[in-house]
Amino acid sequence: MFDLDGTLIDSVPDLTVATDQMLVQLGRAPAGMDKVRNWVGNGAPMLVRRALADGFAEQHISAEQEAQALAIFMQVYGTGNSLTTLYPGALETLQSLKMLGVKLALITNKPEKFIPELLAEMQIAEYFEWVVGGDTLPQKKPDPAGLLWVMQQAGVTAEQCLFVGDSRNDVQAARSAGVACIAVTYGYNYGEPISAENPALVLEDLRELFL
């Protein structure tokens, strides 16, 4: 089971464009990529709230403010993924796992509506038998619901699974599901080193899975 943003793809450039255009349309200053990189990971609504708060005091943003901004964000982000790229080693890793007969699933907090086109553009759609978006189920990571659903669909136990992610949401979701978690160092973890979350293993490159 893989996370998507920050694990397989670097989507922050496109997320930054959408976030900044949203802020400008609301008469606010753009945030820039460095800030957005630290805000992503909890789904589009939370990203929008953090952008409006210009930080992690998102609890002060009203539901009305969120709804107005989210509508703008979703419209802009839905126009394309031209700046999003696969991380080095991501495609090779998926290819190798498929050749080994390993069943693969994707569990992301990205809204479901954006996933099919994005996976197609990245040319990785064919590798995943199950895909769970941030609004596919009532809960999103760090809740383990997505992992538990995939395990049920695949008919496997936690001991037969591995989750690969980049943030504390991934580590916590895997831990709650009883699944071992491997984390990559290059992703988005709110500006903190992922090693602090004590995953089972930390990798600098996905291809290290095979070492």
# chains A, B, ... in the order shown; residues from 1 in each chain; ligands from 1

$ residues_around --residues "range 175-179 of chain A" --least-positions-apart "6" --cutoff "8 Å" --atoms "only C-alpha atoms" --output "PyMOL selection string"
chain A and resi 143-144+147-148+158-159+161-163

$ write_last_selection --atoms "all heavy atoms" --output "compact mmCIF listing (two decimals), in the first residue's frame"
# COMPACT_ATOMS: atom_id res chain seq x y z
N ASP A 143 -6.52 8.22 10.18
CA ASP A 143 -7.42 7.11 10.49
C ASP A 143 -7.03 5.90 9.65
O ASP A 143 -6.70 6.05 8.47
CB ASP A 143 -8.87 7.52 10.19
CG ASP A 143 -9.88 6.55 10.76
OD1 ASP A 143 -10.05 5.46 10.14
OD2 ASP A 143 -10.49 6.85 11.78
N PRO A 144 -7.08 4.69 10.20
CA PRO A 144 -6.65 3.51 9.44
C PRO A 144 -7.71 2.94 8.51
O PRO A 144 -7.48 1.90 7.88
CB PRO A 144 -6.33 2.51 10.56
CG PRO A 144 -7.30 2.86 11.64
CD PRO A 144 -7.39 4.37 11.61
N LEU A 147 -6.68 1.69 4.98
CA LEU A 147 -5.84 0.50 5.01
C LEU A 147 -6.67 -0.73 5.35
O LEU A 147 -6.51 -1.79 4.73
CB LEU A 147 -4.71 0.66 6.03
CG LEU A 147 -3.54 1.57 5.65
CD1 LEU A 147 -3.90 3.02 5.77
CD2 LEU A 147 -2.32 1.26 6.51
N LEU A 148 -7.57 -0.60 6.32
CA LEU A 148 -8.40 -1.73 6.73
C LEU A 148 -9.32 -2.15 5.59
O LEU A 148 -9.55 -3.35 5.38
CB LEU A 148 -9.21 -1.36 7.98
CG LEU A 148 -8.38 -1.05 9.23
CD1 LEU A 148 -9.28 -0.55 10.35
CD2 LEU A 148 -7.60 -2.29 9.69
N ALA A 158 -2.82 -8.02 8.43
CA ALA A 158 -1.88 -6.91 8.60
C ALA A 158 -0.44 -7.38 8.44
O ALA A 158 0.41 -6.66 7.92
CB ALA A 158 -2.08 -6.26 9.97
N GLU A 159 -0.18 -8.59 8.86
CA GLU A 159 1.18 -9.14 8.78
C GLU A 159 1.62 -9.39 7.35
O GLU A 159 2.81 -9.49 7.07
CB GLU A 159 1.26 -10.44 9.58
CG GLU A 159 1.15 -10.27 11.09
CD GLU A 159 -0.27 -9.98 11.55
OE1 GLU A 159 -1.22 -10.32 10.81
OE2 GLU A 159 -0.43 -9.41 12.64
N CYS A 161 1.03 -7.27 4.93
CA CYS A 161 1.00 -5.96 4.27
C CYS A 161 2.18 -5.09 4.65
O CYS A 161 2.82 -5.28 5.68
CB CYS A 161 -0.29 -5.22 4.64
SG CYS A 161 -1.80 -6.04 4.16
N LEU A 162 2.40 -4.10 3.81
CA LEU A 162 3.39 -3.06 4.07
C LEU A 162 2.81 -1.75 3.55
O LEU A 162 2.20 -1.73 2.47
CB LEU A 162 4.70 -3.38 3.35
CG LEU A 162 5.85 -2.38 3.52
CD1 LEU A 162 6.34 -2.40 4.97
CD2 LEU A 162 6.99 -2.73 2.58
N PHE A 163 2.98 -0.69 4.32
CA PHE A 163 2.54 0.62 3.86
C PHE A 163 3.76 1.51 3.67
O PHE A 163 4.65 1.55 4.52
CB PHE A 163 1.59 1.26 4.86
CG PHE A 163 0.90 2.49 4.30
CD1 PHE A 163 -0.22 2.36 3.51
CD2 PHE A 163 1.40 3.77 4.52
CE1 PHE A 163 -0.84 3.47 2.97
CE2 PHE A 163 0.79 4.88 3.98
CZ PHE A 163 -0.34 4.73 3.20

$ residues_around --residues "range 5-7 of chain A" --least-positions-apart "3" --cutoff "7 Å" --atoms "only C-alpha atoms" --output "list in words"
Asp10, Ser11, Gly165, Asp166, Val184, Gly187 and Tyr188 of chain A

$ residues_around --residues "Ala90 in chain A" --least-positions-apart "5" --cutoff "8 Å" --atoms "only C-alpha atoms" --output "VMD selection string"
chain A and resid 8 to 9 206 to 207

$ select_by_dssp --residues "range 15-205 of chain A" --states "helix (DSSP H, G or I)" --output "PyMOL selection string"
chain A and resi 15-25+33-39+44-53+58-60+63-77+90-99+112-122+125-127+145-154+158-160+168-177+194-197

$ residues_around --residues "Ser195 in chain A" --least-positions-apart "6" --cutoff "12 Å" --atoms "only C-alpha atoms" --output "mmCIF file with N, CA and C atoms, in the first residue's frame"
data_model
loop_
_atom_site.group_PDB
_atom_site.id
_atom_site.type_symbol
_atom_site.label_atom_id
_atom_site.label_comp_id
_atom_site.auth_asym_id
_atom_site.auth_seq_id
_atom_site.Cartn_x
_atom_site.Cartn_y
_atom_site.Cartn_z
ATOM 1 N N GLY A 165 4.913 5.442 2.951
ATOM 2 C CA GLY A 165 4.440 6.817 2.949
ATOM 3 C C GLY A 165 5.550 7.795 3.270
ATOM 4 N N ASP A 166 5.143 9.039 3.542
ATOM 5 C CA ASP A 166 6.139 10.086 3.764
ATOM 6 C C ASP A 166 5.847 10.971 4.958
ATOM 7 N N SER A 167 4.687 10.799 5.587
ATOM 8 C CA SER A 167 4.323 11.735 6.658
ATOM 9 C C SER A 167 3.821 10.998 7.893
ATOM 10 N N ARG A 168 3.646 11.758 8.964
ATOM 11 C CA ARG A 168 3.154 11.154 10.197
ATOM 12 C C ARG A 168 1.744 10.595 10.025
ATOM 13 N N VAL A 171 2.386 7.027 8.903
ATOM 14 C CA VAL A 171 2.928 6.186 9.975
ATOM 15 C C VAL A 171 1.846 5.878 11.012
ATOM 16 N N CYS A 181 5.226 0.134 8.545
ATOM 17 C CA CYS A 181 5.294 1.303 7.677
ATOM 18 C C CYS A 181 6.745 1.645 7.355
ATOM 19 N N ILE A 182 7.014 1.797 6.082
ATOM 20 C CA ILE A 182 8.294 2.319 5.611
ATOM 21 C C ILE A 182 8.057 3.748 5.160
ATOM 22 N N ALA A 183 8.935 4.653 5.534
ATOM 23 C CA ALA A 183 8.759 6.060 5.200
ATOM 24 C C ALA A 183 9.948 6.592 4.405
ATOM 25 N N VAL A 184 9.669 7.502 3.480
ATOM 26 C CA VAL A 184 10.721 8.119 2.672
ATOM 27 C C VAL A 184 11.075 9.483 3.253
ATOM 28 N N THR A 185 12.327 9.860 3.088
ATOM 29 C CA THR A 185 12.831 11.086 3.714
ATOM 30 C C THR A 185 12.492 12.348 2.935
ATOM 31 N N TYR A 186 12.175 12.212 1.643
ATOM 32 C CA TYR A 186 12.096 13.379 0.762
ATOM 33 C C TYR A 186 10.703 14.006 0.669
ATOM 34 N N GLY A 187 9.729 13.451 1.380
ATOM 35 C CA GLY A 187 8.346 13.884 1.186
ATOM 36 C C GLY A 187 7.943 15.091 2.006
ATOM 37 N N ASN A 189 6.357 16.278 5.426
ATOM 38 C CA ASN A 189 5.999 15.930 6.804
ATOM 39 C C ASN A 189 6.002 17.165 7.681
ATOM 40 N N LEU A 201 11.168 1.521 8.940
ATOM 41 C CA LEU A 201 12.369 1.736 8.146
ATOM 42 C C LEU A 201 12.241 3.070 7.445
ATOM 43 N N VAL A 202 13.361 3.755 7.263
ATOM 44 C CA VAL A 202 13.385 5.033 6.552
ATOM 45 C C VAL A 202 14.259 4.890 5.316
ATOM 46 N N LEU A 203 13.731 5.305 4.159
ATOM 47 C CA LEU A 203 14.452 5.200 2.890
ATOM 48 C C LEU A 203 14.662 6.571 2.278
ATOM 49 N N GLU A 204 15.771 6.738 1.586
ATOM 50 C CA GLU A 204 16.004 7.960 0.836
ATOM 51 C C GLU A 204 15.582 7.808 -0.623
#

$ select_by_dssp --residues "range 8-194 of chain A" --states "strand (DSSP E)" --output "ChimeraX atom specification"
/A:9-10,85-86,105-107,130-132,162-165,180-184

$ write_last_selection --atoms "N, CA, C and O atoms" --output "mmCIF file, in the first residue's frame"
data_model
loop_
_atom_site.group_PDB
_atom_site.id
_atom_site.type_symbol
_atom_site.label_atom_id
_atom_site.label_comp_id
_atom_site.auth_asym_id
_atom_site.auth_seq_id
_atom_site.Cartn_x
_atom_site.Cartn_y
_atom_site.Cartn_z
ATOM 1 N N ILE A 9 4.802 10.870 -6.031
ATOM 2 C CA ILE A 9 4.821 12.071 -6.889
ATOM 3 C C ILE A 9 5.122 13.323 -6.076
ATOM 4 O O ILE A 9 4.787 13.412 -4.891
ATOM 5 N N ASP A 10 5.758 14.279 -6.740
ATOM 6 C CA ASP A 10 5.964 15.608 -6.166
ATOM 7 C C ASP A 10 4.905 16.522 -6.768
ATOM 8 O O ASP A 10 5.045 17.006 -7.882
ATOM 9 N N THR A 85 5.472 15.702 -10.950
ATOM 10 C CA THR A 85 6.412 14.713 -11.493
ATOM 11 C C THR A 85 6.519 13.503 -10.572
ATOM 12 O O THR A 85 6.269 13.594 -9.370
ATOM 13 N N LEU A 86 6.905 12.375 -11.160
ATOM 14 C CA LEU A 86 7.221 11.192 -10.374
ATOM 15 C C LEU A 86 8.576 11.384 -9.702
ATOM 16 O O LEU A 86 9.491 11.965 -10.280
ATOM 17 N N ALA A 105 -1.900 -1.227 -3.751
ATOM 18 C CA ALA A 105 -3.021 -0.325 -3.488
ATOM 19 C C ALA A 105 -2.477 1.074 -3.251
ATOM 20 O O ALA A 105 -1.324 1.257 -2.838
ATOM 21 N N LEU A 106 -3.315 2.067 -3.518
ATOM 22 C CA LEU A 106 -2.967 3.470 -3.294
ATOM 23 C C LEU A 106 -3.946 4.040 -2.280
ATOM 24 O O LEU A 106 -5.164 3.916 -2.448
ATOM 25 N N ILE A 107 -3.415 4.647 -1.224
ATOM 26 C CA ILE A 107 -4.260 5.248 -0.194
ATOM 27 C C ILE A 107 -3.762 6.662 0.049
ATOM 28 O O ILE A 107 -2.675 6.873 0.600
ATOM 29 N N TRP A 130 -6.405 -1.340 -6.095
ATOM 30 C CA TRP A 130 -7.336 -0.606 -5.244
ATOM 31 C C TRP A 130 -6.819 0.812 -5.049
ATOM 32 O O TRP A 130 -5.618 1.021 -4.845
ATOM 33 N N VAL A 131 -7.732 1.778 -5.114
ATOM 34 C CA VAL A 131 -7.385 3.185 -4.922
ATOM 35 C C VAL A 131 -8.380 3.797 -3.945
ATOM 36 O O VAL A 131 -9.600 3.732 -4.152
ATOM 37 N N VAL A 132 -7.859 4.394 -2.882
ATOM 38 C CA VAL A 132 -8.685 5.056 -1.878
ATOM 39 C C VAL A 132 -8.274 6.523 -1.804
ATOM 40 O O VAL A 132 -7.108 6.839 -1.518
ATOM 41 N N LEU A 162 2.396 -4.100 3.805
ATOM 42 C CA LEU A 162 3.386 -3.058 4.065
ATOM 43 C C LEU A 162 2.815 -1.753 3.547
ATOM 44 O O LEU A 162 2.203 -1.726 2.469
ATOM 45 N N PHE A 163 2.981 -0.694 4.319
ATOM 46 C CA PHE A 163 2.543 0.623 3.863
ATOM 47 C C PHE A 163 3.762 1.508 3.673
ATOM 48 O O PHE A 163 4.647 1.546 4.524
ATOM 49 N N VAL A 164 3.799 2.223 2.543
ATOM 50 C CA VAL A 164 4.919 3.119 2.232
ATOM 51 C C VAL A 164 4.378 4.540 2.122
ATOM 52 O O VAL A 164 3.499 4.822 1.305
ATOM 53 N N GLY A 165 4.913 5.442 2.951
ATOM 54 C CA GLY A 165 4.440 6.817 2.949
ATOM 55 C C GLY A 165 5.550 7.795 3.270
ATOM 56 O O GLY A 165 6.727 7.432 3.301
ATOM 57 N N ALA A 180 3.150 -2.699 9.195
ATOM 58 C CA ALA A 180 4.480 -2.094 9.205
ATOM 59 C C ALA A 180 4.532 -0.947 8.195
ATOM 60 O O ALA A 180 3.963 -1.048 7.104
ATOM 61 N N CYS A 181 5.226 0.134 8.545
ATOM 62 C CA CYS A 181 5.294 1.303 7.677
ATOM 63 C C CYS A 181 6.745 1.645 7.355
ATOM 64 O O CYS A 181 7.575 1.756 8.251
ATOM 65 N N ILE A 182 7.014 1.797 6.082
ATOM 66 C CA ILE A 182 8.294 2.319 5.611
ATOM 67 C C ILE A 182 8.057 3.748 5.160
ATOM 68 O O ILE A 182 7.082 4.036 4.461
ATOM 69 N N ALA A 183 8.935 4.653 5.534
ATOM 70 C CA ALA A 183 8.759 6.060 5.200
ATOM 71 C C ALA A 183 9.948 6.592 4.405
ATOM 72 O O ALA A 183 11.089 6.161 4.628
ATOM 73 N N VAL A 184 9.669 7.502 3.480
ATOM 74 C CA VAL A 184 10.721 8.119 2.672
ATOM 75 C C VAL A 184 11.075 9.483 3.253
ATOM 76 O O VAL A 184 10.231 10.173 3.826
#

$ residues_around --residues "Pro111 in chain A" --least-positions-apart "3" --cutoff "12 Å" --atoms "only C-alpha atoms" --output "list in words"
Leu4, Asp5, Gly41, Asn42, Gly43, Ala44, Pro45, Met46, Leu47, Leu70, Phe73, Met74, Tyr77, Gly78, Ile107, Thr108, Phe114, Ile115, Pro116, Glu117, Leu118, Val131, Val132, Gly133, Gly134, Asp135, Thr136, Leu137 and Lys140 of chain A

$ closest_residue --among "A:Val48, A:Ala63, A:Val150, A:Ala174" --to "Gln21 in chain A" --atoms "only C-alpha atoms"
A:Val48

$ residues_around --residues "Glu58 in chain A" --least-positions-apart "3" --cutoff "12 Å" --atoms "only C-alpha atoms" --output "list in words"
Trp39, Pro45, Met46, Leu47, Val48, Arg49, Arg50, Ala51, Leu52, Ala53, Asp54, Gly55, Ile61, Ser62, Ala63, Gln65 and Glu66 of chain A

$ write_last_selection --atoms "N, CA, C and O atoms" --output "mmCIF file, in the first residue's frame"
data_model
loop_
_atom_site.group_PDB
_atom_site.id
_atom_site.type_symbol
_atom_site.label_atom_id
_atom_site.label_comp_id
_atom_site.auth_asym_id
_atom_site.auth_seq_id
_atom_site.Cartn_x
_atom_site.Cartn_y
_atom_site.Cartn_z
ATOM 1 N N TRP A 39 2.189 22.492 4.433
ATOM 2 C CA TRP A 39 0.769 22.445 4.768
ATOM 3 C C TRP A 39 0.048 21.227 4.209
ATOM 4 O O TRP A 39 -1.033 20.890 4.666
ATOM 5 N N PRO A 45 -9.368 20.270 1.928
ATOM 6 C CA PRO A 45 -9.991 21.222 2.858
ATOM 7 C C PRO A 45 -9.018 21.752 3.911
ATOM 8 O O PRO A 45 -9.014 22.950 4.217
ATOM 9 N N MET A 46 -8.166 20.882 4.443
ATOM 10 C CA MET A 46 -7.210 21.332 5.459
ATOM 11 C C MET A 46 -6.138 22.220 4.845
ATOM 12 O O MET A 46 -5.699 23.203 5.473
ATOM 13 N N LEU A 47 -5.700 21.901 3.637
ATOM 14 C CA LEU A 47 -4.730 22.759 2.964
ATOM 15 C C LEU A 47 -5.297 24.158 2.785
ATOM 16 O O LEU A 47 -4.610 25.166 3.030
ATOM 17 N N VAL A 48 -6.537 24.227 2.367
ATOM 18 C CA VAL A 48 -7.196 25.525 2.174
ATOM 19 C C VAL A 48 -7.291 26.279 3.497
ATOM 20 O O VAL A 48 -7.018 27.490 3.562
ATOM 21 N N ARG A 49 -7.665 25.599 4.557
ATOM 22 C CA ARG A 49 -7.780 26.258 5.862
ATOM 23 C C ARG A 49 -6.423 26.788 6.331
ATOM 24 O O ARG A 49 -6.326 27.901 6.874
ATOM 25 N N ARG A 50 -5.375 26.006 6.131
ATOM 26 C CA ARG A 50 -4.039 26.456 6.542
ATOM 27 C C ARG A 50 -3.571 27.628 5.693
ATOM 28 O O ARG A 50 -2.898 28.541 6.203
ATOM 29 N N ALA A 51 -3.924 27.616 4.417
ATOM 30 C CA ALA A 51 -3.564 28.739 3.560
ATOM 31 C C ALA A 51 -4.274 30.011 4.008
ATOM 32 O O ALA A 51 -3.679 31.098 4.043
ATOM 33 N N LEU A 52 -5.540 29.903 4.361
ATOM 34 C CA LEU A 52 -6.289 31.067 4.835
ATOM 35 C C LEU A 52 -5.747 31.574 6.160
ATOM 36 O O LEU A 52 -5.745 32.778 6.430
ATOM 37 N N ALA A 53 -5.269 30.644 6.996
ATOM 38 C CA ALA A 53 -4.714 31.021 8.299
ATOM 39 C C ALA A 53 -3.246 31.412 8.201
ATOM 40 O O ALA A 53 -2.673 31.918 9.168
ATOM 41 N N ASP A 54 -2.634 31.153 7.024
ATOM 42 C CA ASP A 54 -1.207 31.370 6.820
ATOM 43 C C ASP A 54 -0.387 30.622 7.861
ATOM 44 O O ASP A 54 0.586 31.118 8.410
ATOM 45 N N GLY A 55 -0.835 29.407 8.158
ATOM 46 C CA GLY A 55 -0.137 28.604 9.147
ATOM 47 C C GLY A 55 -1.030 27.500 9.676
ATOM 48 O O GLY A 55 -2.003 27.105 9.035
ATOM 49 N N ILE A 61 -10.491 29.459 11.170
ATOM 50 C CA ILE A 61 -11.145 29.688 9.886
ATOM 51 C C ILE A 61 -12.567 29.143 9.939
ATOM 52 O O ILE A 61 -12.793 27.994 10.343
ATOM 53 N N SER A 62 -13.532 29.946 9.530
ATOM 54 C CA SER A 62 -14.934 29.531 9.596
ATOM 55 C C SER A 62 -15.275 28.565 8.468
ATOM 56 O O SER A 62 -14.571 28.487 7.448
ATOM 57 N N ALA A 63 -16.376 27.859 8.639
ATOM 58 C CA ALA A 63 -16.838 26.934 7.598
ATOM 59 C C ALA A 63 -17.177 27.690 6.321
ATOM 60 O O ALA A 63 -16.956 27.176 5.210
ATOM 61 N N GLN A 65 -15.758 30.529 5.239
ATOM 62 C CA GLN A 65 -14.494 30.887 4.594
ATOM 63 C C GLN A 65 -13.892 29.685 3.878
ATOM 64 O O GLN A 65 -13.410 29.792 2.746
ATOM 65 N N GLU A 66 -13.925 28.535 4.541
ATOM 66 C CA GLU A 66 -13.383 27.325 3.934
ATOM 67 C C GLU A 66 -14.144 26.963 2.661
ATOM 68 O O GLU A 66 -13.537 26.645 1.631
#

$ atom_distance --atom1 "CA of Asp170 in chain A" --atom2 "CA of Ala200 in chain A"
11.9 Å
